[in-house]
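Raw contents of start-v1.tsv, TSV, C-alpha atoms:
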chain	number	residue	atom	x	y	z
A	5	MET	CA	-145.76	47.67	-77.00
A	6	PRO	CA	-145.74	47.19	-73.22
A	7	GLU	CA	-143.88	49.62	-71.02
A	8	PRO	CA	-140.35	48.38	-70.14
A	9	TRP	CA	-141.08	48.24	-66.39
A	10	ASN	CA	-144.15	46.08	-67.07
A	11	THR	CA	-142.38	43.58	-69.28
A	12	ARG	CA	-141.51	40.13	-67.98
A	13	LEU	CA	-137.94	39.37	-68.97
A	14	PRO	CA	-137.04	35.75	-69.74
A	15	VAL	CA	-134.06	34.41	-67.79
A	16	ASP	CA	-133.97	31.21	-69.80
A	17	LYS	CA	-136.54	29.09	-71.63
A	18	ASN	CA	-138.26	28.01	-68.42
A	19	THR	CA	-137.78	30.86	-65.93
A	20	TYR	CA	-139.37	34.31	-65.82
A	21	ALA	CA	-139.34	37.13	-63.31
A	22	SER	CA	-142.73	36.93	-61.64
A	23	ASP	CA	-144.87	38.06	-58.73
A	24	ASN	CA	-144.47	35.60	-55.88
A	25	ASN	CA	-147.34	35.78	-53.32
A	26	GLY	CA	-147.56	39.56	-53.25
A	27	GLY	CA	-143.82	40.25	-53.57
A	28	MET	CA	-141.57	40.31	-56.55
A	29	GLU	CA	-139.07	37.48	-56.90
A	30	THR	CA	-135.48	38.68	-57.40
A	31	VAL	CA	-134.07	37.31	-60.63
A	32	LEU	CA	-130.77	38.15	-62.28
A	33	VAL	CA	-131.27	38.89	-65.97
A	34	LYS	CA	-128.46	39.21	-68.49
A	35	GLN	CA	-128.21	42.60	-70.16
A	36	PRO	CA	-129.30	42.55	-73.78
A	37	GLU	CA	-126.40	42.39	-76.19
A	38	THR	CA	-125.30	45.54	-77.99
A	39	LEU	CA	-126.38	45.46	-81.63
A	40	TRP	CA	-124.44	47.30	-84.33
A	41	THR	CA	-125.56	48.49	-87.74
A	42	VAL	CA	-123.62	47.65	-90.89
A	43	GLN	CA	-121.99	51.08	-90.74
A	44	GLU	CA	-120.85	50.63	-87.13
A	45	ALA	CA	-119.45	47.17	-87.87
A	46	ALA	CA	-117.64	48.47	-90.98
A	47	THR	CA	-116.07	51.30	-88.99
A	48	PHE	CA	-114.89	48.90	-86.28
A	49	LEU	CA	-113.41	46.47	-88.83
A	50	GLY	CA	-111.94	49.19	-91.06
A	51	VAL	CA	-113.79	47.95	-94.16
A	52	THR	CA	-116.63	49.21	-96.35
A	53	ASP	CA	-120.34	48.82	-95.64
A	54	ALA	CA	-120.66	46.70	-98.78
A	55	TYR	CA	-118.01	44.27	-97.52
A	56	VAL	CA	-119.86	43.82	-94.21
A	57	ARG	CA	-123.09	43.09	-96.14
A	58	GLN	CA	-121.16	40.52	-98.22
A	59	LEU	CA	-119.93	38.87	-95.01
A	60	LEU	CA	-123.51	38.74	-93.70
A	61	LEU	CA	-124.88	37.22	-96.92
A	62	ALA	CA	-122.02	34.69	-97.05
A	63	GLY	CA	-122.70	33.65	-93.43
A	64	MET	CA	-119.28	34.75	-92.19
A	65	LEU	CA	-121.00	37.22	-89.86
A	66	SER	CA	-124.31	36.47	-88.23
A	67	GLY	CA	-126.95	39.13	-87.74
A	68	TYR	CA	-130.61	39.63	-88.36
A	69	LYS	CA	-132.55	41.80	-90.74
A	70	PRO	CA	-135.62	43.35	-89.09
A	71	SER	CA	-136.45	45.39	-92.19
A	72	LYS	CA	-135.56	45.56	-95.87
A	73	ASN	CA	-132.68	48.02	-95.49
A	74	LEU	CA	-131.41	47.31	-91.98
A	75	TRP	CA	-129.08	44.66	-90.61
A	76	LEU	CA	-128.40	44.39	-86.87
A	77	ILE	CA	-125.25	42.53	-85.85
A	78	PRO	CA	-124.29	41.59	-82.28
A	79	ALA	CA	-121.13	43.48	-81.30
A	80	SER	CA	-119.60	40.26	-79.92
A	81	VAL	CA	-119.91	38.62	-83.36
A	82	VAL	CA	-118.06	41.50	-85.02
A	83	LYS	CA	-115.33	41.49	-82.36
A	84	GLU	CA	-114.88	37.71	-82.66
A	85	TYR	CA	-114.62	38.01	-86.44
A	86	ALA	CA	-112.00	40.75	-86.05
A	87	LEU	CA	-109.88	38.49	-83.83
A	88	ASN	CA	-110.09	35.47	-86.14
A	89	ARG	CA	-109.97	36.98	-89.64
A	90	ARG	CA	-106.92	36.78	-91.82
A	91	PRO	CA	-104.98	40.02	-92.19
A	92	PRO	CA	-105.93	42.14	-95.21
A	93	GLY	CA	-103.76	42.16	-98.32
A	94	ARG	CA	-101.63	39.64	-100.15
A	95	PRO	CA	-99.56	37.29	-97.98
A	96	PRO	CA	-95.81	37.99	-98.14
A	97	LYS	CA	-93.71	35.87	-100.52
A	98	GLU	CA	-91.63	33.16	-98.95
A	99	ALA	CA	-87.89	33.72	-99.12
A	100	ASN	CA	-85.97	31.15	-101.20

Take the structure I supplied and represent it as structure tokens, if you would.
Amino acid sequence: MPEPWNTRLPVDKNTYASDNNGGMETVLVKQPETLWTVQEAATFLGVTDAYVRQLLLAGMLSGYKPSKNLWLIPASVVKEYALNRRPPGRPPKEAN
């Protein structure tokens, strides 16, 4: 794996930080997104690890699986899900 200071970071599909006639070109690069494990996402949401894995398999949360036993989930995806999910528990009965 190349050293981090030697790595060219993509800005978008067509632009890279590069050497420009003996001097480095200044390019603003977005910080990589924070990735959470299943355990971290479960703690944030207040649910079990198994429930987070169910959400991932059902497509309700998006993440990627770099190895057999590891899911990595962008923190922004978990936070967005937390804002938009229905509250836990049975809905209250309507008064007659």

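Among the candidates A:Leu61, A:Lys72, A:Ala45, A:Pro36, the residue lying nearest to Glu84 in chain A is A:Ala45 (atoms considered: only C-alpha atoms).
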
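Nearest to Leu59 in chain A of all the residues A:Leu74, A:Leu87, A:Val82, A:Gly93 is A:Val82, counting all atoms listed in the file.
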
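Picture a line from CA of Ser71 in chain A to CA of Thr47 in chain A; it runs 21.5 Å.
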
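In this structure, CA of Gln43 in chain A sits 8.3 Å away from CA of Val56 in chain A.
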
Using only C-alpha atoms, what residues lie at most 8 Å away from (-123.6, 46.9, -87.9) (file coordinates), given as a short mmCIF file (atom, residue, chain, number, x, y, z; two decimals) with C-alpha atoms, in the frame of the given file?
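Dumped to selection03.cif:
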data_model
loop_
_atom_site.label_atom_id
_atom_site.label_comp_id
_atom_site.auth_asym_id
_atom_site.auth_seq_id
_atom_site.Cartn_x
_atom_site.Cartn_y
_atom_site.Cartn_z
CA LEU A 39 -126.38 45.46 -81.63
CA TRP A 40 -124.44 47.30 -84.33
CA THR A 41 -125.56 48.49 -87.74
CA VAL A 42 -123.62 47.65 -90.89
CA GLN A 43 -121.99 51.08 -90.74
CA GLU A 44 -120.85 50.63 -87.13
CA ALA A 45 -119.45 47.17 -87.87
CA ALA A 46 -117.64 48.47 -90.98
CA VAL A 56 -119.86 43.82 -94.21
CA TRP A 75 -129.08 44.66 -90.61
CA LEU A 76 -128.40 44.39 -86.87
CA ILE A 77 -125.25 42.53 -85.85
CA PRO A 78 -124.29 41.59 -82.28
CA ALA A 79 -121.13 43.48 -81.30
#

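Taking CA of Glu98 in chain A and CA of Tyr85 in chain A as the two end points, the separation is 26.6 Å.
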